[in-house]
Each structure stands twice: as structure tokens, then as C-alpha cells.
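To start, the structure itself, in C-alpha cells.
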Amino acid sequence: MRRIRFFALSAGIAGAFCAIGQAPNLSRMDVVLRSVPDGPVAKVNNVNITRLEFAQLYQAKLIEASQLSGKDVPDGARVELGLWTLGTLIEQELIYQEGLKRKFKSDPALYDQAYKSQMKLLASMRDLKPEEVEAKLSEAERKRVREEVERAILVDTMRETILKEQGVDVSDAEIKTEFEENKQSFARPETLHLKQMTFPLPKPGPGAEKKRAAVRKAADNALAAMRSGKSFEGVLKDVAGGDNPGQGGDMGPVPVAQLPPPIAEAASKLQPGAFSGVIEGDFGLHIIQLIEAGAGSNASIKDAAPFIRRKLAAQRGEEAVRTYCDNLIANGADVKVYLELEKTLRLDPKYRELLKD
């Protein structure tokens with residue numbers, strides 16, 4: 001079954017979902033969000049890309065990066081992520097507008113599958129059932145979700161059209177060459193599928209010890225709640241939705257070598273379904289739950305081929321779409337950028353240090 005690319009859609013739907021939970025907190029701005037103008041960040045053929053759209057996608061990707069590494073994302077990497085976010089939103093709008101010009105229509109069956117997928121996504125964000133999420137959405141919010149799904153399908157259809165028109169393909173010979181040249185990298189490392197609850201610790205400074213004690217108490221309370229029988233998901237929902245600094249969720253299977261040593265060590269002592277005590281890392285306190293441990297193994301070309309094909313196709317596809325969008329701009333598409341991230345940050349005396357991270 002065809003799978004729709006929802007990496008930009010998820011941020012848009014999160015906006016509609018704010019009425020159910022809490023609105024994104026934009027007050028705790030990092031080095032990138034401090035540079036975002038009050039108005040739109042860009043305009044594509046008189047269509048604004050708003051500050052909120054940028055902040056939602058940027059923050060969603062920032063959380064992903066933080067959960068994967070188990071560490072705070074350094075400022076230099078945040079700048080790169082901010083530039084990627086801006087470019088992605090401009091590209092999405094250009095492609096969407098081209099799809100409208102070509103009068104693409106979505107397949108009803110594909111739309112239904114995509115809509116249900118998004119209801120499940122929203123449900124997972126608040127530990128609800130999909131039907132409960134839909135019931136909590138107003139008609140206006142449901143309409144917005146439907147529009148976002150339609151948009152994602154149209155963008156995905158336009159992307160596939162671009163790849164076909166430009167003849168983007170990956171041959172079996174290229175897959176074999178890639179495998180032979182990088183055979184070791186396709187070995188499957190030992191993995192741990194974890195759920196993580198993180199309590200960020202304050203940076204050193206006035207009042208830091210008091211704040212640190214409050215964070216420790218929040219982590220201890222969360223651990224006590226689980227030991228009394230409450231589920232990991234239930235405690236995470238309470239912590240993330242209250243005044244405590246907790247955040248986190250399902251990390252998916254992660255190679256052991258990529259995990260911070262304190263987390264890897266704690267996880268190695270757990271049985272599937274069990275959770276750890278409070279773990280102190282470089283950037284915060286953590287509580288983890290082990291879902292599953294996967295053994296490492298060598299990969300054959302048969303095992304690696306689907307991954308290699310997707311990887312090469314994605315690389316060439318991104319290049320093809322980028323070239324297509326560049327041509328649109330060269331041929332008259334009007335793109336104005338108001339978020340001059342690099343220019344703004346150069347005024348920061350710590351700019352050079354940021355890029356060293």
C-alpha cells in the first residue's frame with residue numbers, strides 16, 4: 001500500500017489538535033526561534049508560510065533529534081535544522097501549488113487510509129482512542145485535518161510525478177555496488193526498543209540547585225506512580241501535560257551503540273515490559289521502559305536491498321525535487337524569505353561558537 005509522506009503534515013495537524021491539549025509553548029525560545037519574525041517566515045506566490053507553521057515543524061523535528069540521541073541538541077545543529085525547516089516548507093508550498101495547477105485529485109481509498117492514519121497519530125499524542133480524538137475535534141478542526149490530508153496526498157502525488165518525469169530510478173547493479181562498498185555498515189547492530197521519559201535539568205546559574213531539586217522530585221514522583229501500578233503512558237501523559245518538565249515517548253528500536261552509556265547500562269538489566277529507576281545523564285533525568293531487545297546480525301544483500309533502494313531513491317528524489325523547485329523559481333515563481341536566520345545570527349557575538357557545536 002502506498003505510504004504518504006506526512007513529515008510536514010504532522011505539524012499542521014498538531015495545530016488543529018491544540019484545542020484538545022495544550023498549545024505549543026513558544027515562550028521558551030531557543031537560538032532559532034529567537035530569530036523568527038513576528039509575521040510570516042516566507043511567502044510563496046503570495047501565500048504566507050507562518051511563524052507558527054515554522055515553529056511547529058521545527059520543534060517536532062527538534063524533539064525527534066533529542067529523543068534519538070538522548071541529549072540536548074546543540075545550537076549549531078539547531079541552526080542547521082532551522083534552515084532545513086524553512087527550505088522544506090517553501091518546497092512543500094511550491095509543489096502543492098504546482099499540484100493544484102495540474103488539477104490532481106486524490107484517490108478516495110488513499111484519502112480514507114491517510115485520514116485514519118492521522119487520527120491514530122493524534123490519538124497516540126494524548127493516549128486516546130482514534131474515535132475519542134475525532135469526537136473531541138470541532139467540525140472546523142475536522143475540516144482542517146481533512147484539508148491537511150488532502151494537501152499531503154497532493155504533495156506526495158506531485159513528488160512522484162516529478163520523479164517519473166525526471167526518470168529517477170535505482171538499478172539492481174547500483175544496489176549491489178552500494179552493498180559491496182559498504183557491507184559493514186549494513187550489519188544489523190544490537191538494538192533496544194525503549195520508551196523514555198526525560199526531565200531536563202537546568203543549566204548552572206542562580207537558583208539552579210532549587211530547580212534541580214524540583215526536577216528530581218518530579219522524576220521521583222513519576223517513578224513512584226509507576227511502581228504503584230500506573231502505566232508508563234499514563235504517567236508520561238500526566239507529566240508532560242502538567243507543570244513538570246517531563247517529555248519523551250517511544251524511541252523505537254535504537255542501536256545500543258547510539259544510546260548514552262547510562263541508559264544503555266540501565267536497559268541491559270531490564271526484562272521486556274520492565275522500567276528503570278531514575279537515571280541521571282548529561283542533560284537530564286530519565287526513566288526508561290524496555291519494550292524489546294534485538295540481537296545483532298550480519299545482513300545479506302537480500303536483506304539490505306530494500307533499504308539501499310529506499311536510501312538511493314530518497315537521495316536522488318530530494319535532488320530531483322530541489323532542482324524542480326529551483327527551476328520554478330528561475331522561471332518566475334515568487335519566493336520571498338523573511339526569516340534570514342544566518343544573517344540574524346551573525347549579529348550574535350557567540351555566532352562562531354554556535355557553528356562549532
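A note on labels: chains of the C-alpha cells are A, B, ... as shown, every chain counts residues from 1, and ligands are counted from 1 in their shown order.
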For Ile175 of chain A: contacts at 10 Å, only C-alpha atoms, fewer than 5 positions along chain excluded, given as a ChimeraX atom specification: /A:170,180,301,304-309,311-312
Residue contacts of segment 254-268 of chain A (12 Å, only C-alpha atoms) excluding same-chain residues fewer than 4 positions away, as a ChimeraX atom specification: /A:66-72,187-198,250,272-296
I need the alpha helix (DSSP H) residues of segment 59-119 of chain A per DSSP on the backbone, written as a tab-separated table (two decimals) with all heavy atoms, in the first residue's frame.
chain	number	residue	atom	x	y	z
A	59	GLN	N	10.02	22.43	15.94
A	59	GLN	CA	10.00	21.82	17.27
A	59	GLN	C	9.76	20.32	17.21
A	59	GLN	O	10.33	19.56	17.99
A	59	GLN	CB	8.97	22.51	18.15
A	59	GLN	CG	9.37	23.93	18.54
A	59	GLN	CD	8.33	24.63	19.38
A	59	GLN	OE1	7.13	24.56	19.10
A	59	GLN	NE2	8.76	25.32	20.41
A	60	ALA	N	8.91	19.88	16.26
A	60	ALA	CA	8.66	18.45	16.12
A	60	ALA	C	9.95	17.72	15.74
A	60	ALA	O	10.27	16.67	16.31
A	60	ALA	CB	7.58	18.21	15.05
A	61	LYS	N	10.71	18.28	14.81
A	61	LYS	CA	11.96	17.66	14.40
A	61	LYS	C	13.03	17.76	15.49
A	61	LYS	O	13.87	16.87	15.65
A	61	LYS	CB	12.46	18.31	13.11
A	61	LYS	CG	11.65	17.92	11.89
A	61	LYS	CD	11.76	16.42	11.65
A	61	LYS	CE	10.91	15.96	10.49
A	61	LYS	NZ	11.02	14.50	10.27
A	62	LEU	N	12.99	18.83	16.26
A	62	LEU	CA	13.93	19.00	17.36
A	62	LEU	C	13.70	17.94	18.43
A	62	LEU	O	14.66	17.36	18.97
A	62	LEU	CB	13.77	20.40	17.96
A	62	LEU	CG	14.81	20.86	18.98
A	62	LEU	CD1	16.19	20.93	18.34
A	62	LEU	CD2	14.42	22.23	19.54
A	63	ILE	N	12.45	17.66	18.72
A	63	ILE	CA	12.12	16.62	19.70
A	63	ILE	C	12.58	15.26	19.21
A	63	ILE	O	13.14	14.46	19.97
A	63	ILE	CB	10.60	16.62	19.99
A	63	ILE	CG1	10.22	17.88	20.79
A	63	ILE	CG2	10.20	15.37	20.77
A	63	ILE	CD1	8.73	18.07	20.94
A	64	GLU	N	12.36	14.98	17.93
A	64	GLU	CA	12.82	13.70	17.35
A	64	GLU	C	14.33	13.55	17.52
A	64	GLU	O	14.82	12.49	17.92
A	64	GLU	CB	12.47	13.64	15.87
A	64	GLU	CG	11.02	13.36	15.58
A	64	GLU	CD	10.75	13.23	14.08
A	64	GLU	OE1	11.72	13.00	13.32
A	64	GLU	OE2	9.59	13.37	13.68
A	65	ALA	N	15.06	14.60	17.19
A	65	ALA	CA	16.53	14.55	17.29
A	65	ALA	C	16.98	14.35	18.73
A	65	ALA	O	17.90	13.59	19.01
A	65	ALA	CB	17.13	15.83	16.71
A	66	SER	N	16.30	15.02	19.65
A	66	SER	CA	16.67	14.92	21.06
A	66	SER	C	16.38	13.53	21.61
A	66	SER	O	17.18	12.95	22.35
A	66	SER	CB	15.90	15.98	21.86
A	66	SER	OG	16.18	15.86	23.24
A	67	GLN	N	15.23	12.95	21.23
A	67	GLN	CA	14.87	11.62	21.71
A	67	GLN	C	15.80	10.56	21.16
A	67	GLN	O	16.15	9.60	21.85
A	67	GLN	CB	13.42	11.31	21.34
A	67	GLN	CG	12.39	12.09	22.15
A	67	GLN	CD	10.97	11.75	21.77
A	67	GLN	OE1	10.72	11.12	20.75
A	67	GLN	NE2	10.02	12.17	22.57
A	68	LEU	N	16.21	10.73	19.90
A	68	LEU	CA	17.08	9.74	19.28
A	68	LEU	C	18.45	9.72	19.93
A	68	LEU	O	19.02	8.67	20.17
A	68	LEU	CB	17.22	10.03	17.78
A	68	LEU	CG	18.07	9.03	16.98
A	68	LEU	CD1	17.45	7.64	17.06
A	68	LEU	CD2	18.19	9.47	15.53
A	69	SER	N	18.98	10.90	20.23
A	69	SER	CA	20.33	10.98	20.82
A	69	SER	C	20.33	10.85	22.34
A	69	SER	O	21.33	10.50	22.94
A	69	SER	CB	20.99	12.31	20.44
A	69	SER	OG	20.31	13.40	21.05
A	75	ASP	N	23.37	24.15	19.73
A	75	ASP	CA	22.87	25.29	18.98
A	75	ASP	C	23.26	25.24	17.51
A	75	ASP	O	22.48	25.64	16.64
A	75	ASP	CB	23.37	26.60	19.60
A	75	ASP	CG	22.62	26.94	20.89
A	75	ASP	OD1	21.52	26.38	21.09
A	75	ASP	OD2	23.12	27.76	21.67
A	76	GLY	N	24.47	24.78	17.20
A	76	GLY	CA	24.89	24.71	15.80
A	76	GLY	C	23.98	23.80	15.00
A	76	GLY	O	23.59	24.12	13.87
A	77	ALA	N	23.63	22.65	15.58
A	77	ALA	CA	22.72	21.72	14.91
A	77	ALA	C	21.31	22.30	14.80
A	77	ALA	O	20.59	22.03	13.84
A	77	ALA	CB	22.69	20.39	15.66
A	78	ARG	N	20.93	23.10	15.79
A	78	ARG	CA	19.61	23.74	15.73
A	78	ARG	C	19.52	24.74	14.57
A	78	ARG	O	18.49	24.85	13.92
A	78	ARG	CB	19.31	24.46	17.06
A	78	ARG	CG	19.07	23.49	18.21
A	78	ARG	CD	18.86	24.21	19.54
A	78	ARG	NE	18.76	23.26	20.62
A	78	ARG	CZ	17.72	23.17	21.46
A	78	ARG	NH1	16.70	24.00	21.34
A	78	ARG	NH2	17.70	22.28	22.41
A	79	VAL	N	20.60	25.45	14.34
A	79	VAL	CA	20.63	26.39	13.21
A	79	VAL	C	20.44	25.63	11.90
A	79	VAL	O	19.65	26.02	11.04
A	79	VAL	CB	21.95	27.18	13.19
A	79	VAL	CG1	22.05	28.02	11.92
A	79	VAL	CG2	22.06	28.08	14.41
A	80	GLU	N	21.17	24.51	11.75
A	80	GLU	CA	21.03	23.71	10.54
A	80	GLU	C	19.60	23.18	10.41
A	80	GLU	O	19.03	23.16	9.31
A	80	GLU	CB	22.01	22.54	10.57
A	80	GLU	CG	23.48	22.97	10.46
A	80	GLU	CD	24.41	21.78	10.45
A	80	GLU	OE1	23.91	20.63	10.47
A	80	GLU	OE2	25.64	21.98	10.43
A	81	LEU	N	19.01	22.75	11.52
A	81	LEU	CA	17.64	22.25	11.49
A	81	LEU	C	16.65	23.35	11.13
A	81	LEU	O	15.67	23.13	10.41
A	81	LEU	CB	17.28	21.65	12.86
A	81	LEU	CG	15.90	20.98	12.98
A	81	LEU	CD1	15.75	19.88	11.94
A	81	LEU	CD2	15.72	20.41	14.38
A	82	GLY	N	16.91	24.57	11.61
A	82	GLY	CA	16.06	25.70	11.27
A	82	GLY	C	16.10	26.00	9.77
A	82	GLY	O	15.06	26.27	9.15
A	83	LEU	N	17.30	25.95	9.18
A	83	LEU	CA	17.43	26.19	7.74
A	83	LEU	C	16.73	25.08	6.95
A	83	LEU	O	16.08	25.35	5.93
A	83	LEU	CB	18.92	26.26	7.37
A	83	LEU	CG	19.67	27.48	7.92
A	83	LEU	CD1	21.17	27.33	7.68
A	83	LEU	CD2	19.16	28.77	7.30
A	84	TRP	N	16.86	23.84	7.41
A	84	TRP	CA	16.17	22.73	6.75
A	84	TRP	C	14.66	22.93	6.82
A	84	TRP	O	13.95	22.70	5.84
A	84	TRP	CB	16.55	21.41	7.42
A	84	TRP	CG	15.78	20.23	6.89
A	84	TRP	CD1	16.13	19.43	5.84
A	84	TRP	CD2	14.51	19.74	7.36
A	84	TRP	NE1	15.16	18.47	5.63
A	84	TRP	CE2	14.17	18.64	6.55
A	84	TRP	CE3	13.66	20.11	8.39
A	84	TRP	CZ2	13.00	17.91	6.73
A	84	TRP	CZ3	12.47	19.39	8.57
A	84	TRP	CH2	12.15	18.31	7.75
A	85	THR	N	14.16	23.34	7.98
A	85	THR	CA	12.72	23.54	8.15
A	85	THR	C	12.19	24.60	7.20
A	85	THR	O	11.16	24.41	6.54
A	85	THR	CB	12.41	23.95	9.61
A	85	THR	OG1	12.87	22.92	10.50
A	85	THR	CG2	10.91	24.17	9.82
A	86	LEU	N	12.90	25.70	7.10
A	86	LEU	CA	12.49	26.78	6.20
A	86	LEU	C	12.47	26.30	4.75
A	86	LEU	O	11.49	26.52	4.02
A	86	LEU	CB	13.43	27.97	6.35
A	86	LEU	CG	13.13	29.19	5.48
A	86	LEU	CD1	11.76	29.77	5.82
A	86	LEU	CD2	14.22	30.25	5.65
A	87	GLY	N	13.53	25.62	4.32
A	87	GLY	CA	13.60	25.13	2.96
A	87	GLY	C	12.51	24.11	2.66
A	87	GLY	O	11.91	24.10	1.58
A	88	THR	N	12.22	23.25	3.64
A	88	THR	CA	11.20	22.22	3.46
A	88	THR	C	9.82	22.83	3.28
A	88	THR	O	9.05	22.42	2.40
A	88	THR	CB	11.18	21.27	4.67
A	88	THR	OG1	12.42	20.56	4.72
A	88	THR	CG2	10.04	20.27	4.58
A	89	LEU	N	9.49	23.83	4.09
A	89	LEU	CA	8.17	24.46	3.99
A	89	LEU	C	8.01	25.21	2.67
A	89	LEU	O	6.92	25.19	2.07
A	89	LEU	CB	7.97	25.41	5.17
A	89	LEU	CG	7.81	24.74	6.53
A	89	LEU	CD1	7.80	25.78	7.65
A	89	LEU	CD2	6.54	23.90	6.59
A	90	ILE	N	9.05	25.86	2.19
A	90	ILE	CA	8.99	26.55	0.90
A	90	ILE	C	8.81	25.52	-0.22
A	90	ILE	O	7.97	25.69	-1.11
A	90	ILE	CB	10.26	27.38	0.68
A	90	ILE	CG1	10.29	28.57	1.65
A	90	ILE	CG2	10.34	27.88	-0.77
A	90	ILE	CD1	11.60	29.35	1.62
A	91	GLU	N	9.58	24.44	-0.16
A	91	GLU	CA	9.48	23.39	-1.17
A	91	GLU	C	8.07	22.78	-1.18
A	91	GLU	O	7.47	22.57	-2.24
A	91	GLU	CB	10.51	22.31	-0.88
A	91	GLU	CG	10.45	21.12	-1.83
A	91	GLU	CD	11.38	20.00	-1.38
A	91	GLU	OE1	12.60	20.16	-1.52
A	91	GLU	OE2	10.87	18.99	-0.85
A	92	GLN	N	7.53	22.52	0.01
A	92	GLN	CA	6.19	21.93	0.11
A	92	GLN	C	5.14	22.84	-0.54
A	92	GLN	O	4.26	22.37	-1.26
A	92	GLN	CB	5.81	21.71	1.59
A	92	GLN	CG	6.61	20.64	2.28
A	92	GLN	CD	6.06	19.26	1.98
A	92	GLN	OE1	4.92	18.95	2.27
A	92	GLN	NE2	6.89	18.42	1.39
A	93	GLU	N	5.25	24.13	-0.28
A	93	GLU	CA	4.26	25.06	-0.84
A	93	GLU	C	4.39	25.16	-2.35
A	93	GLU	O	3.38	25.22	-3.07
A	93	GLU	CB	4.42	26.44	-0.19
A	93	GLU	CG	3.35	27.45	-0.61
A	93	GLU	CD	1.95	26.99	-0.29
A	93	GLU	OE1	1.72	26.38	0.77
A	93	GLU	OE2	1.05	27.25	-1.13
A	94	LEU	N	5.61	25.20	-2.87
A	94	LEU	CA	5.82	25.24	-4.32
A	94	LEU	C	5.21	24.01	-4.99
A	94	LEU	O	4.51	24.11	-6.01
A	94	LEU	CB	7.31	25.31	-4.64
A	94	LEU	CG	7.99	26.68	-4.51
A	94	LEU	CD1	9.50	26.53	-4.54
A	94	LEU	CD2	7.53	27.62	-5.62
A	95	ILE	N	5.48	22.84	-4.42
A	95	ILE	CA	4.97	21.60	-5.00
A	95	ILE	C	3.45	21.53	-4.91
A	95	ILE	O	2.76	21.10	-5.84
A	95	ILE	CB	5.62	20.39	-4.31
A	95	ILE	CG1	7.11	20.35	-4.61
A	95	ILE	CG2	4.98	19.09	-4.76
A	95	ILE	CD1	7.85	19.27	-3.87
A	96	TYR	N	2.91	21.96	-3.78
A	96	TYR	CA	1.46	21.96	-3.60
A	96	TYR	C	0.78	22.84	-4.65
A	96	TYR	O	-0.22	22.43	-5.27
A	96	TYR	CB	1.12	22.46	-2.19
A	96	TYR	CG	-0.36	22.61	-1.92
A	96	TYR	CD1	-1.19	21.50	-1.88
A	96	TYR	CD2	-0.93	23.87	-1.72
A	96	TYR	CE1	-2.55	21.64	-1.65
A	96	TYR	CE2	-2.28	24.01	-1.48
A	96	TYR	CZ	-3.09	22.89	-1.45
A	96	TYR	OH	-4.43	23.02	-1.22
A	97	GLN	N	1.31	24.01	-4.85
A	97	GLN	CA	0.72	24.91	-5.83
A	97	GLN	C	0.81	24.34	-7.24
A	97	GLN	O	-0.10	24.51	-8.05
A	97	GLN	CB	1.40	26.28	-5.76
A	97	GLN	CG	1.11	27.04	-4.47
A	97	GLN	CD	1.77	28.40	-4.42
A	97	GLN	OE1	2.16	28.96	-5.43
A	97	GLN	NE2	1.90	28.95	-3.22
A	98	GLU	N	1.92	23.64	-7.55
A	98	GLU	CA	2.04	23.01	-8.86
A	98	GLU	C	1.01	21.89	-9.02
A	98	GLU	O	0.44	21.69	-10.09
A	98	GLU	CB	3.45	22.45	-9.05
A	98	GLU	CG	4.49	23.50	-9.38
A	98	GLU	CD	4.17	24.20	-10.69
A	98	GLU	OE1	4.11	23.52	-11.74
A	98	GLU	OE2	3.97	25.42	-10.66
A	99	GLY	N	0.77	21.14	-7.94
A	99	GLY	CA	-0.25	20.08	-7.99
A	99	GLY	C	-1.64	20.64	-8.24
A	99	GLY	O	-2.44	20.05	-8.98
A	100	LEU	N	-1.94	21.80	-7.64
A	100	LEU	CA	-3.22	22.44	-7.88
A	100	LEU	C	-3.35	22.86	-9.35
A	100	LEU	O	-4.41	22.70	-9.96
A	100	LEU	CB	-3.37	23.67	-6.97
A	100	LEU	CG	-3.55	23.42	-5.47
A	100	LEU	CD1	-3.60	24.75	-4.72
A	100	LEU	CD2	-4.82	22.62	-5.20
A	101	LYS	N	-2.26	23.39	-9.91
A	101	LYS	CA	-2.29	23.80	-11.32
A	101	LYS	C	-2.57	22.62	-12.23
A	101	LYS	O	-3.24	22.75	-13.26
A	101	LYS	CB	-0.96	24.45	-11.70
A	101	LYS	CG	-0.73	25.82	-11.08
A	101	LYS	CD	0.64	26.36	-11.50
A	101	LYS	CE	0.92	27.71	-10.84
A	101	LYS	NZ	2.27	28.22	-11.22
A	108	PRO	N	-9.99	8.22	-3.41
A	108	PRO	CA	-10.81	8.13	-2.19
A	108	PRO	C	-10.30	7.09	-1.20
A	108	PRO	O	-10.30	7.32	0.01
A	108	PRO	CB	-12.20	7.77	-2.72
A	108	PRO	CG	-12.23	8.33	-4.10
A	108	PRO	CD	-10.82	8.15	-4.63
A	109	ALA	N	-9.85	5.94	-1.72
A	109	ALA	CA	-9.35	4.89	-0.81
A	109	ALA	C	-8.07	5.33	-0.13
A	109	ALA	O	-7.86	5.08	1.06
A	109	ALA	CB	-9.11	3.60	-1.60
A	110	LEU	N	-7.21	6.00	-0.88
A	110	LEU	CA	-5.95	6.51	-0.31
A	110	LEU	C	-6.24	7.59	0.72
A	110	LEU	O	-5.61	7.64	1.78
A	110	LEU	CB	-5.07	7.06	-1.43
A	110	LEU	CG	-3.67	7.51	-1.04
A	110	LEU	CD1	-2.87	6.35	-0.47
A	110	LEU	CD2	-2.95	8.12	-2.24
A	111	TYR	N	-7.20	8.45	0.41
A	111	TYR	CA	-7.57	9.51	1.36
A	111	TYR	C	-8.09	8.90	2.66
A	111	TYR	O	-7.71	9.33	3.75
A	111	TYR	CB	-8.65	10.40	0.74
A	111	TYR	CG	-9.26	11.36	1.74
A	111	TYR	CD1	-8.65	12.58	2.03
A	111	TYR	CD2	-10.41	11.02	2.46
A	111	TYR	CE1	-9.17	13.43	2.96
A	111	TYR	CE2	-10.93	11.87	3.40
A	111	TYR	CZ	-10.32	13.08	3.65
A	111	TYR	OH	-10.83	13.92	4.59
A	112	ASP	N	-8.96	7.89	2.56
A	112	ASP	CA	-9.53	7.26	3.75
A	112	ASP	C	-8.45	6.65	4.61
A	112	ASP	O	-8.44	6.80	5.83
A	112	ASP	CB	-10.54	6.19	3.32
A	112	ASP	CG	-11.27	5.58	4.51
A	112	ASP	OD1	-11.93	6.34	5.26
A	112	ASP	OD2	-11.16	4.36	4.71
A	113	GLN	N	-7.49	5.97	3.97
A	113	GLN	CA	-6.39	5.35	4.71
A	113	GLN	C	-5.54	6.41	5.40
A	113	GLN	O	-5.13	6.26	6.56
A	113	GLN	CB	-5.54	4.51	3.75
A	113	GLN	CG	-4.33	3.86	4.39
A	113	GLN	CD	-3.03	4.59	4.04
A	113	GLN	OE1	-2.91	5.17	2.97
A	113	GLN	NE2	-2.08	4.54	4.95
A	114	ALA	N	-5.28	7.51	4.68
A	114	ALA	CA	-4.44	8.58	5.24
A	114	ALA	C	-5.15	9.29	6.39
A	114	ALA	O	-4.53	9.64	7.39
A	114	ALA	CB	-4.08	9.58	4.14
A	115	TYR	N	-6.45	9.51	6.26
A	115	TYR	CA	-7.20	10.19	7.32
A	115	TYR	C	-7.20	9.34	8.60
A	115	TYR	O	-6.98	9.85	9.70
A	115	TYR	CB	-8.64	10.43	6.85
A	115	TYR	CG	-9.49	11.17	7.85
A	115	TYR	CD1	-9.41	12.55	7.96
A	115	TYR	CD2	-10.36	10.49	8.70
A	115	TYR	CE1	-10.19	13.25	8.89
A	115	TYR	CE2	-11.15	11.17	9.62
A	115	TYR	CZ	-11.06	12.55	9.71
A	115	TYR	OH	-11.82	13.22	10.64
A	116	LYS	N	-7.43	8.05	8.45
A	116	LYS	CA	-7.42	7.16	9.61
A	116	LYS	C	-6.04	7.14	10.26
A	116	LYS	O	-5.92	7.09	11.49
A	116	LYS	CB	-7.83	5.75	9.20
A	116	LYS	CG	-9.31	5.62	8.84
A	116	LYS	CD	-9.64	4.19	8.41
A	116	LYS	CE	-11.13	4.07	8.06
A	116	LYS	NZ	-11.46	2.69	7.59
A	117	SER	N	-5.01	7.17	9.43
A	117	SER	CA	-3.64	7.19	9.94
A	117	SER	C	-3.42	8.41	10.82
A	117	SER	O	-2.78	8.33	11.88
A	117	SER	CB	-2.65	7.17	8.78
A	117	SER	OG	-1.32	7.33	9.24
A	118	GLN	N	-3.94	9.56	10.39
A	118	GLN	CA	-3.74	10.78	11.17
A	118	GLN	C	-4.54	10.79	12.45
A	118	GLN	O	-4.11	11.31	13.47
A	118	GLN	CB	-4.07	11.99	10.31
A	118	GLN	CG	-3.07	12.22	9.19
A	118	GLN	CD	-1.62	12.11	9.68
A	118	GLN	OE1	-1.16	12.94	10.45
A	118	GLN	NE2	-0.92	11.09	9.23
A	119	MET	N	-5.73	10.17	12.43
A	119	MET	CA	-6.50	10.05	13.66
A	119	MET	C	-5.75	9.19	14.68
A	119	MET	O	-5.73	9.48	15.87
A	119	MET	CB	-7.87	9.43	13.36
A	119	MET	CG	-8.86	10.37	12.67
A	119	MET	SD	-9.29	11.83	13.67
A	119	MET	CE	-8.39	13.10	12.78
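Atom CA of Tyr324 of chain A to atom CA of Asp156 of chain A spans 14.4 Å [interatomic distance, one decimal].
Excluding Phe104 of chain A and any residue on its chain fewer than 5 positions from it, the residues at most 9 Å away by only C-alpha atoms are Gly99, Leu154, Thr157 and Met158 of chain A.
Going from atom CA of Asn298 of chain A to atom CA of Met251 of chain A covers 23.3 Å.
Ranking A:Arg159, A:Lys136, A:Arg102, A:Lys302 by their shortest atom-to-atom distance to Glu319 of chain A, with only C-alpha atoms included, puts A:Arg159 first.
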DSSP strand (DSSP E or B) residues within segment 69-255 of chain A, listed as a ChimeraX atom specification: /A:188,191-200,247-255
Pull C-alpha atoms from the residues just selected and write them as a PDB file, in the first residue's frame.
ATOM      1  CA  ARG A 188      22.416  -5.132  11.975  1.00  0.00           C
ATOM      2  CA  THR A 191      19.116  -2.788  19.281  1.00  0.00           C
ATOM      3  CA  LEU A 192      16.932  -1.816  22.201  1.00  0.00           C
ATOM      4  CA  HIS A 193      13.342  -0.677  21.717  1.00  0.00           C
ATOM      5  CA  LEU A 194      12.723   1.777  24.554  1.00  0.00           C
ATOM      6  CA  LYS A 195      10.187   4.210  25.836  1.00  0.00           C
ATOM      7  CA  GLN A 196      11.765   7.179  27.556  1.00  0.00           C
ATOM      8  CA  MET A 197      10.598   9.862  29.940  1.00  0.00           C
ATOM      9  CA  THR A 198      13.046  12.773  30.212  1.00  0.00           C
ATOM     10  CA  PHE A 199      13.252  15.516  32.834  1.00  0.00           C
ATOM     11  CA  PRO A 200      15.659  18.211  31.561  1.00  0.00           C
ATOM     12  CA  GLN A 247       8.922  14.956  27.933  1.00  0.00           C
ATOM     13  CA  GLY A 248       9.639  11.853  25.889  1.00  0.00           C
ATOM     14  CA  GLY A 249       7.887   8.836  24.447  1.00  0.00           C
ATOM     15  CA  ASP A 250       8.524   5.840  22.227  1.00  0.00           C
ATOM     16  CA  MET A 251      12.086   5.921  20.880  1.00  0.00           C
ATOM     17  CA  GLY A 252      11.598   2.900  18.630  1.00  0.00           C
ATOM     18  CA  PRO A 253      14.447   0.380  18.136  1.00  0.00           C
ATOM     19  CA  VAL A 254      17.784   2.167  18.646  1.00  0.00           C
ATOM     20  CA  PRO A 255      21.256   0.621  18.162  1.00  0.00           C
TER      21      PRO A 255
END
